[in-house]
Amino acid sequence: MDDPTRVEWREWGEAAFDEAASADSPVLLSLTATWCDHCHEMDEETYAEPRIAANVNDSFVPIRVDVDRYPRVRDRYNMGGFPSTVFLAPDGSVLTGAGYLGPDGMRQVLDSVRTMWQTKGSGAGRIPRPLREDSPPAGELTADVEAAMLGQLNETYDEAAGGWGQRPKFPLPDALEFALKRDQKMALRSYDAVSANLLDEYDGGFYRFAAERDWAGLQHEKLADSNGALVRAFANAYLLTGKDEYREPAERTIDFLTTTLWNDAVDAVANSQAPGEDAAHTIDVTDRATADEPPVDRGVLAGPNGLVIEGLLTYYAYTDDERARRYAERALETVRTELLRNGVVIHGLEGTDDEPTAPLSAATDEDGEPIPLLANQARVLTALTTAASSIGVEADVLADATAVADATIDRLRDGDSFVDGPEAGAGLLDRPLRPLDTNVAIADALLELAAVTGDDRYRDIARETLEAFAGASDRLGVQMARYATAVSRLLEGPLVIRVGTESGTDLHRAALRMADHEKVVVPEADALESGTARVERGNRISETAETPDELSERVQSILE
């Protein structure tokens, strides 16, 4: 999309901060996204205003950052949504910040920051709290973690509209799946609300969120990562209920991911689709058919593709849908061949027609080496272990999985937890950040890898990672439901079904469809005779089974 602003934007990097230091000027950091409607609106109404642009160009060093391409910058400077308008000292510390600013608001803030800078200079800068308090609150893992999260879900559950919390309303796939196993009625009521209100019935795919408690005020952007996670969540609801009302939203979302959002040039899923014009989202089918297609950000990012692969393969495991398997395999091949180097996941590719496999500028360091980011490592590792469970334990897939796990441990583990990336870079990137959500994601992925490979070292590291945050577990909101899921799987031991046959046999397919979506299935298990299966949970091991019916009985005996 062409830049309508008159601001002379710099790229994120040391050069821009060096310029600010040399000129003794503050930095104006604009965090934006291709799918963000308010970001485009601010460009057209605020940054395009000649006097504002001149003011910015004369008194500040303006930097524009795409938050999807620079997630570590996003996580350090996000002001609670996008756009984020952040004013920094040349050392990267924060002077002040806001979200969307119209022309009048921007004029006031520019004057205020200029006065602050003239009066206090860099002394006015502050370091955000997550970057000041490096050590997370450690503690003991107990069953109270699961109970506390269930209590949070019950406390914030919206009886009238479904879902959790007041406003805005997000789909929260991790919370849906946590509740699915522990309070089915509450979970399915929330699934119904998400599908009724956020699913695009015309083109498929889920909108990002609704602004109001009653699911009004839809925000029409569609992101690959949230849609991949929702395919998995709705597939798991279908596994439990057998009802098409949960399978069909997953199917419609797969339609969207494999058509509108599929990037043929790269053979993977593109990043997002912007809202487009209002006419593109009316219920009237005639209006939808004649409206311009909302624009797609064709960049291919590793983390969202990892989530999509996991979702597609989860759906395939329960339905035998060959399209879901085929597209998952294509995306996985792209990730493994184009985005994986010695266990380090490259952040993404621009996906242009001229150079479809050009790495994003933020994906490599000055020497051209890939920069490991914790979210990418965790999501790709989960995609690999899901592939091993659902479509076969190929030696090279498991080799890639262990390489990703080992590289993550070697490069990003600091103490008992993980940092989000290397402690180097412009601004505050040299300060460690230990995001709970991605620490949980890597811990959960390591638990699955331990089950698939039999290497308990990965389980031990998962335990230490979860313990590192346990001191705050009673204060976690529903957005962190996956922490409680991971702790539960660790303490009880994940339900593991080992199958002594190759993938695709009746016994393997039956194992995949046992109604516990938190289980791990291991086909071609070395320790079993061909044609048999057994169930494990912690120290409990069942007798072997030779038929799907016998396997179901063994699962029930272990769960009792």
# chains A, B, ... in the order shown; residues from 1 in each chain; ligands from 1
>>> closest_atom_pairs(of="region 416-492 of chain A", to="region 92-100 of chain A", cutoff="8 Å", atoms="only C-alpha atoms", output="Markdown table")
| residue | atom | partner | partner_atom | distance |
| --- | --- | --- | --- | --- |
| A:Ala426 | CA | A:Gly92 | CA | 7.5 |
| A:Gly427 | CA | A:Gly92 | CA | 3.9 |
| A:Leu428 | CA | A:Gly92 | CA | 5.5 |
>>> write_last_selection(atoms="C-alpha atoms", output="mmCIF file, in the first residue's frame")
data_model
loop_
_atom_site.group_PDB
_atom_site.id
_atom_site.type_symbol
_atom_site.label_atom_id
_atom_site.label_comp_id
_atom_site.auth_asym_id
_atom_site.auth_seq_id
_atom_site.Cartn_x
_atom_site.Cartn_y
_atom_site.Cartn_z
ATOM 1 C CA ALA A 426 18.531 -0.986 18.670
ATOM 2 C CA GLY A 427 16.434 0.699 21.328
ATOM 3 C CA LEU A 428 15.540 -1.607 24.209
#
>>> residues_around(residues="region 437-443 of chain A", least_positions_apart="3", cutoff="9 Å", atoms="only C-alpha atoms", output="VMD selection string")
chain A and resid 374 to 375 377 to 379 381 to 382 405 408 417 to 420 434 446 to 448 458 to 459 461 to 466 479 to 480 482 to 483 486
>>> closest_residue(among="A:Gln108, A:Gln273, A:Gln152, A:Ser195", to="Tyr246 (chain A)", atoms="only C-alpha atoms")
A:Ser195
>>> closest_atom_pairs(of="region 86-194 of chain A", to="region 227-240 of chain A", cutoff="10 Å", atoms="only C-alpha atoms", output="CSV")
residue,atom,partner,partner_atom,distance
A:Pro171,CA,A:Leu230,CA,8.1
A:Leu172,CA,A:Leu230,CA,8.6
A:Pro173,CA,A:Leu230,CA,5.8
A:Asp174,CA,A:Ala233,CA,7.6
A:Ala175,CA,A:Ala233,CA,9.5
A:Leu176,CA,A:Ala233,CA,7.0
A:Glu177,CA,A:Ala233,CA,6.0
A:Phe178,CA,A:Ala233,CA,9.8
A:Leu180,CA,A:Ala237,CA,7.1
A:Lys181,CA,A:Leu240,CA,8.8
A:Gln184,CA,A:Leu240,CA,9.3
A:Ala187,CA,A:Ala237,CA,9.0
A:Leu188,CA,A:Ala237,CA,7.8
A:Tyr191,CA,A:Phe234,CA,7.7
A:Val194,CA,A:Leu230,CA,9.7
>>> write_last_selection(atoms="N, CA and C atoms", output="compact mmCIF listing (two decimals), in the first residue's frame")
# COMPACT_ATOMS: atom_id res chain seq x y z
N PRO A 171 -11.81 -14.06 20.64
CA PRO A 171 -12.23 -15.46 20.62
C PRO A 171 -11.53 -16.35 21.64
N LEU A 172 -10.28 -16.05 22.01
CA LEU A 172 -9.55 -16.77 23.06
C LEU A 172 -9.54 -18.29 22.86
N PRO A 173 -8.92 -18.78 21.78
CA PRO A 173 -8.95 -20.23 21.53
C PRO A 173 -8.35 -21.07 22.65
N ASP A 174 -7.32 -20.58 23.33
CA ASP A 174 -6.73 -21.37 24.42
C ASP A 174 -7.72 -21.53 25.58
N ALA A 175 -8.48 -20.48 25.86
CA ALA A 175 -9.49 -20.57 26.92
C ALA A 175 -10.63 -21.51 26.51
N LEU A 176 -11.03 -21.45 25.24
CA LEU A 176 -12.06 -22.36 24.74
C LEU A 176 -11.64 -23.81 24.96
N GLU A 177 -10.40 -24.13 24.61
CA GLU A 177 -9.93 -25.52 24.71
C GLU A 177 -9.74 -25.94 26.16
N PHE A 178 -9.27 -25.03 27.02
CA PHE A 178 -9.14 -25.36 28.44
C PHE A 178 -10.51 -25.68 29.03
N LEU A 180 -13.17 -26.61 27.45
CA LEU A 180 -13.80 -27.74 26.77
C LEU A 180 -13.64 -29.03 27.56
N LYS A 181 -12.53 -29.19 28.23
CA LYS A 181 -12.26 -30.41 28.99
C LYS A 181 -12.75 -30.32 30.44
N GLN A 184 -17.75 -28.22 30.06
CA GLN A 184 -18.18 -28.33 28.66
C GLN A 184 -19.32 -27.37 28.34
N ALA A 187 -17.95 -23.91 27.89
CA ALA A 187 -17.11 -23.89 26.70
C ALA A 187 -17.95 -23.84 25.44
N LEU A 188 -18.91 -24.74 25.31
CA LEU A 188 -19.69 -24.82 24.06
C LEU A 188 -20.55 -23.58 23.87
N TYR A 191 -18.04 -21.24 22.41
CA TYR A 191 -17.81 -21.61 21.01
C TYR A 191 -18.95 -21.10 20.12
N VAL A 194 -18.64 -17.37 19.56
CA VAL A 194 -17.56 -17.03 18.64
C VAL A 194 -17.95 -17.30 17.20
>>> atom_distance(atom1="CA of Gly421 (chain A)", atom2="CA of Glu369 (chain A)")
13.6 Å
>>> closest_residue(among="A:Leu150, A:Val535, A:Val296, A:Val109", to="Gly500 (chain A)", atoms="only C-alpha atoms")
A:Val535
>>> atom_distance(atom1="CA of Asp516 (chain A)", atom2="CA of Leu495 (chain A)")
8.1 Å
>>> atom_distance(atom1="CA of Asn263 (chain A)", atom2="CA of Arg74 (chain A)")
24.9 Å
>>> select_by_dssp(residues="region 213-260 of chain A", states="strand (DSSP E or B)", output="number ranges by chain")
A: 218-219, 222-223
>>> write_last_selection(atoms="C-alpha atoms", output="PDB file, in the first residue's frame")
ATOM      1  CA  LEU A 218     -16.747  -6.168  14.581  1.00  0.00           C
ATOM      2  CA  GLN A 219     -13.138  -5.486  13.645  1.00  0.00           C
ATOM      3  CA  LYS A 222      -8.432 -11.588   9.609  1.00  0.00           C
ATOM      4  CA  LEU A 223      -5.050 -12.828  10.817  1.00  0.00           C
TER       5      LEU A 223
END
>>> residues_around(residues="Ser389 (chain A)", least_positions_apart="4", cutoff="7 Å", atoms="only C-alpha atoms", output="list in words")
Thr385, Val393, Val521, Val522 and Pro523 of chain A
>>> residues_around(residues="region 332-346 of chain A", least_positions_apart="4", cutoff="8 Å", atoms="only C-alpha atoms", output="list of chain:residue names")
A:Val266, A:Asp267, A:Ala268, A:Ala302, A:Asn305, A:Gly306, A:Ile309, A:Ala328, A:Thr357, A:Pro359, A:Ala363, A:Thr364, A:Pro370, A:Ile371, A:Pro372, A:Leu373, A:Asn376, A:Gln377, A:Val380, A:Ala383, A:Asp400, A:Ala401, A:Thr402, A:Ala403, A:Val404, A:Ala405, A:Asp406, A:Ala407, A:Thr408
>>> write_last_selection(atoms="N, CA and C atoms", output="PDB file, in the first residue's frame")
ATOM      1  N   VAL A 266       4.918 -18.677  -2.672  1.00  0.00           N
ATOM      2  CA  VAL A 266       5.759 -19.234  -1.605  1.00  0.00           C
ATOM      3  C   VAL A 266       5.272 -20.617  -1.178  1.00  0.00           C
ATOM      4  N   ASP A 267       4.016 -20.947  -1.485  1.00  0.00           N
ATOM      5  CA  ASP A 267       3.390 -22.200  -1.081  1.00  0.00           C
ATOM      6  C   ASP A 267       3.256 -22.283   0.441  1.00  0.00           C
ATOM      7  N   ALA A 268       2.626 -21.260   0.985  1.00  0.00           N
ATOM      8  CA  ALA A 268       2.348 -21.203   2.418  1.00  0.00           C
ATOM      9  C   ALA A 268       1.266 -20.152   2.632  1.00  0.00           C
ATOM     10  N   ALA A 302       6.735 -17.343   9.814  1.00  0.00           N
ATOM     11  CA  ALA A 302       6.909 -18.719  10.294  1.00  0.00           C
ATOM     12  C   ALA A 302       5.936 -19.068  11.409  1.00  0.00           C
ATOM     13  N   ASN A 305       2.326 -19.616  10.290  1.00  0.00           N
ATOM     14  CA  ASN A 305       2.253 -20.849   9.508  1.00  0.00           C
ATOM     15  C   ASN A 305       2.348 -22.075  10.407  1.00  0.00           C
ATOM     16  N   GLY A 306       3.128 -21.985  11.476  1.00  0.00           N
ATOM     17  CA  GLY A 306       3.169 -23.085  12.429  1.00  0.00           C
ATOM     18  C   GLY A 306       1.797 -23.350  13.039  1.00  0.00           C
ATOM     19  N   ILE A 309      -0.497 -24.900  10.309  1.00  0.00           N
ATOM     20  CA  ILE A 309      -0.168 -26.317  10.091  1.00  0.00           C
ATOM     21  C   ILE A 309      -0.753 -27.169  11.209  1.00  0.00           C
ATOM     22  N   ALA A 328      -1.434 -28.584   4.602  1.00  0.00           N
ATOM     23  CA  ALA A 328      -0.528 -28.615   5.753  1.00  0.00           C
ATOM     24  C   ALA A 328       0.848 -29.109   5.342  1.00  0.00           C
ATOM     25  N   THR A 357      10.998 -15.739  -2.189  1.00  0.00           N
ATOM     26  CA  THR A 357      11.608 -16.298  -0.986  1.00  0.00           C
ATOM     27  C   THR A 357      12.635 -15.346  -0.382  1.00  0.00           C
ATOM     28  N   PRO A 359      14.035 -13.220   2.465  1.00  0.00           N
ATOM     29  CA  PRO A 359      13.787 -13.123   3.905  1.00  0.00           C
ATOM     30  C   PRO A 359      13.382 -11.709   4.300  1.00  0.00           C
ATOM     31  N   ALA A 363      14.577 -10.678   9.707  1.00  0.00           N
ATOM     32  CA  ALA A 363      14.735 -12.110   9.951  1.00  0.00           C
ATOM     33  C   ALA A 363      16.179 -12.536  10.160  1.00  0.00           C
ATOM     34  N   THR A 364      17.119 -11.734   9.729  1.00  0.00           N
ATOM     35  CA  THR A 364      18.540 -12.101   9.829  1.00  0.00           C
ATOM     36  C   THR A 364      19.336 -10.948  10.428  1.00  0.00           C
ATOM     37  N   PRO A 370      20.182 -16.233  10.665  1.00  0.00           N
ATOM     38  CA  PRO A 370      18.813 -16.071  11.171  1.00  0.00           C
ATOM     39  C   PRO A 370      18.790 -15.718  12.652  1.00  0.00           C
ATOM     40  N   ILE A 371      17.841 -14.870  13.016  1.00  0.00           N
ATOM     41  CA  ILE A 371      17.660 -14.454  14.400  1.00  0.00           C
ATOM     42  C   ILE A 371      16.571 -15.325  15.030  1.00  0.00           C
ATOM     43  N   PRO A 372      16.897 -16.115  16.052  1.00  0.00           N
ATOM     44  CA  PRO A 372      15.857 -16.955  16.667  1.00  0.00           C
ATOM     45  C   PRO A 372      14.907 -16.124  17.516  1.00  0.00           C
ATOM     46  N   LEU A 373      13.622 -16.285  17.297  1.00  0.00           N
ATOM     47  CA  LEU A 373      12.591 -15.650  18.106  1.00  0.00           C
ATOM     48  C   LEU A 373      11.777 -16.746  18.782  1.00  0.00           C
ATOM     49  N   ASN A 376       8.421 -18.011  17.231  1.00  0.00           N
ATOM     50  CA  ASN A 376       8.594 -18.820  16.027  1.00  0.00           C
ATOM     51  C   ASN A 376       9.079 -20.217  16.361  1.00  0.00           C
ATOM     52  N   GLN A 377      10.059 -20.299  17.256  1.00  0.00           N
ATOM     53  CA  GLN A 377      10.622 -21.598  17.621  1.00  0.00           C
ATOM     54  C   GLN A 377       9.536 -22.499  18.212  1.00  0.00           C
ATOM     55  N   VAL A 380       6.719 -23.488  15.460  1.00  0.00           N
ATOM     56  CA  VAL A 380       7.205 -24.442  14.464  1.00  0.00           C
ATOM     57  C   VAL A 380       7.476 -25.789  15.117  1.00  0.00           C
ATOM     58  N   ALA A 383       4.211 -27.501  15.343  1.00  0.00           N
ATOM     59  CA  ALA A 383       3.789 -27.982  14.025  1.00  0.00           C
ATOM     60  C   ALA A 383       4.497 -29.286  13.676  1.00  0.00           C
ATOM     61  N   ASP A 400      14.273 -32.522  12.648  1.00  0.00           N
ATOM     62  CA  ASP A 400      14.041 -31.078  12.647  1.00  0.00           C
ATOM     63  C   ASP A 400      13.460 -30.613  13.974  1.00  0.00           C
ATOM     64  N   ALA A 401      12.528 -31.395  14.527  1.00  0.00           N
ATOM     65  CA  ALA A 401      11.911 -31.022  15.795  1.00  0.00           C
ATOM     66  C   ALA A 401      12.938 -30.942  16.912  1.00  0.00           C
ATOM     67  N   THR A 402      13.792 -31.948  17.008  1.00  0.00           N
ATOM     68  CA  THR A 402      14.805 -31.920  18.067  1.00  0.00           C
ATOM     69  C   THR A 402      15.827 -30.812  17.817  1.00  0.00           C
ATOM     70  N   ALA A 403      16.117 -30.524  16.544  1.00  0.00           N
ATOM     71  CA  ALA A 403      17.046 -29.427  16.233  1.00  0.00           C
ATOM     72  C   ALA A 403      16.459 -28.086  16.665  1.00  0.00           C
ATOM     73  N   VAL A 404      15.156 -27.892  16.404  1.00  0.00           N
ATOM     74  CA  VAL A 404      14.505 -26.641  16.824  1.00  0.00           C
ATOM     75  C   VAL A 404      14.508 -26.537  18.348  1.00  0.00           C
ATOM     76  N   ALA A 405      14.159 -27.623  19.024  1.00  0.00           N
ATOM     77  CA  ALA A 405      14.144 -27.601  20.485  1.00  0.00           C
ATOM     78  C   ALA A 405      15.526 -27.313  21.044  1.00  0.00           C
ATOM     79  N   ASP A 406      16.534 -27.986  20.516  1.00  0.00           N
ATOM     80  CA  ASP A 406      17.889 -27.803  21.041  1.00  0.00           C
ATOM     81  C   ASP A 406      18.416 -26.399  20.775  1.00  0.00           C
ATOM     82  N   ALA A 407      18.127 -25.857  19.587  1.00  0.00           N
ATOM     83  CA  ALA A 407      18.568 -24.492  19.275  1.00  0.00           C
ATOM     84  C   ALA A 407      17.882 -23.485  20.188  1.00  0.00           C
ATOM     85  N   THR A 408      16.612 -23.714  20.480  1.00  0.00           N
ATOM     86  CA  THR A 408      15.877 -22.811  21.372  1.00  0.00           C
ATOM     87  C   THR A 408      16.479 -22.844  22.772  1.00  0.00           C
TER      88      THR A 408
END
>>> residues_around(residues="region 506-513 of chain A", least_positions_apart="3", cutoff="12 Å", atoms="only C-alpha atoms", output="PyMOL selection string")
chain A and resi 235-242+313-320+386+388-393+495-503+516-525+530-535+544-555
>>> residues_around(residues="Gly477 (chain A)", least_positions_apart="6", cutoff="10 Å", atoms="only C-alpha atoms", output="PyMOL selection string")
chain A and resi 148-149+152-153+156+165+175
>>> residues_around(residues="Asp58 (chain A)", least_positions_apart="4", cutoff="12 Å", atoms="only C-alpha atoms", output="number ranges by chain")
A: 7-8, 20, 23, 25-28, 51-54, 62, 110, 114
>>> select_by_dssp(residues="region 291-412 of chain A", states="alpha helix (DSSP H)", output="PyMOL selection string")
chain A and resi 302-319+322-338+374-391+395-412
>>> closest_residue(among="A:Ala468, A:Leu301, A:Ala450, A:Leu31", to="Pro435 (chain A)", atoms="only C-alpha atoms")
A:Ala468
>>> closest_atom_pairs(of="region 79-110 of chain A", to="region 32-50 of chain A", cutoff="7 Å", atoms="only C-alpha atoms", output="JSON lines")
{"residue": "A:Phe82", "atom": "CA", "partner": "A:Thr32", "partner_atom": "CA", "distance": 5.9}
{"residue": "A:Pro83", "atom": "CA", "partner": "A:Thr32", "partner_atom": "CA", "distance": 5.0}
{"residue": "A:Ser84", "atom": "CA", "partner": "A:Thr32", "partner_atom": "CA", "distance": 6.9}
{"residue": "A:Tyr100", "atom": "CA", "partner": "A:Met42", "partner_atom": "CA", "distance": 6.7}
{"residue": "A:Leu101", "atom": "CA", "partner": "A:Met42", "partner_atom": "CA", "distance": 6.9}
{"residue": "A:Gly102", "atom": "CA", "partner": "A:Thr46", "partner_atom": "CA", "distance": 5.6}
{"residue": "A:Pro103", "atom": "CA", "partner": "A:Thr46", "partner_atom": "CA", "distance": 4.8}
>>> write_last_selection(atoms="C-alpha atoms", output="PDB file, in the first residue's frame")
ATOM      1  CA  PHE A  82      -2.343  -0.288  17.137  1.00  0.00           C
ATOM      2  CA  PRO A  83      -1.460   2.207  16.014  1.00  0.00           C
ATOM      3  CA  SER A  84       0.881   2.931  18.905  1.00  0.00           C
ATOM      4  CA  TYR A 100      -4.454   6.619  17.734  1.00  0.00           C
ATOM      5  CA  LEU A 101      -4.036  10.403  17.588  1.00  0.00           C
ATOM      6  CA  GLY A 102      -6.089  12.658  15.380  1.00  0.00           C
ATOM      7  CA  PRO A 103      -4.611  15.947  14.090  1.00  0.00           C
TER       8      PRO A 103
END
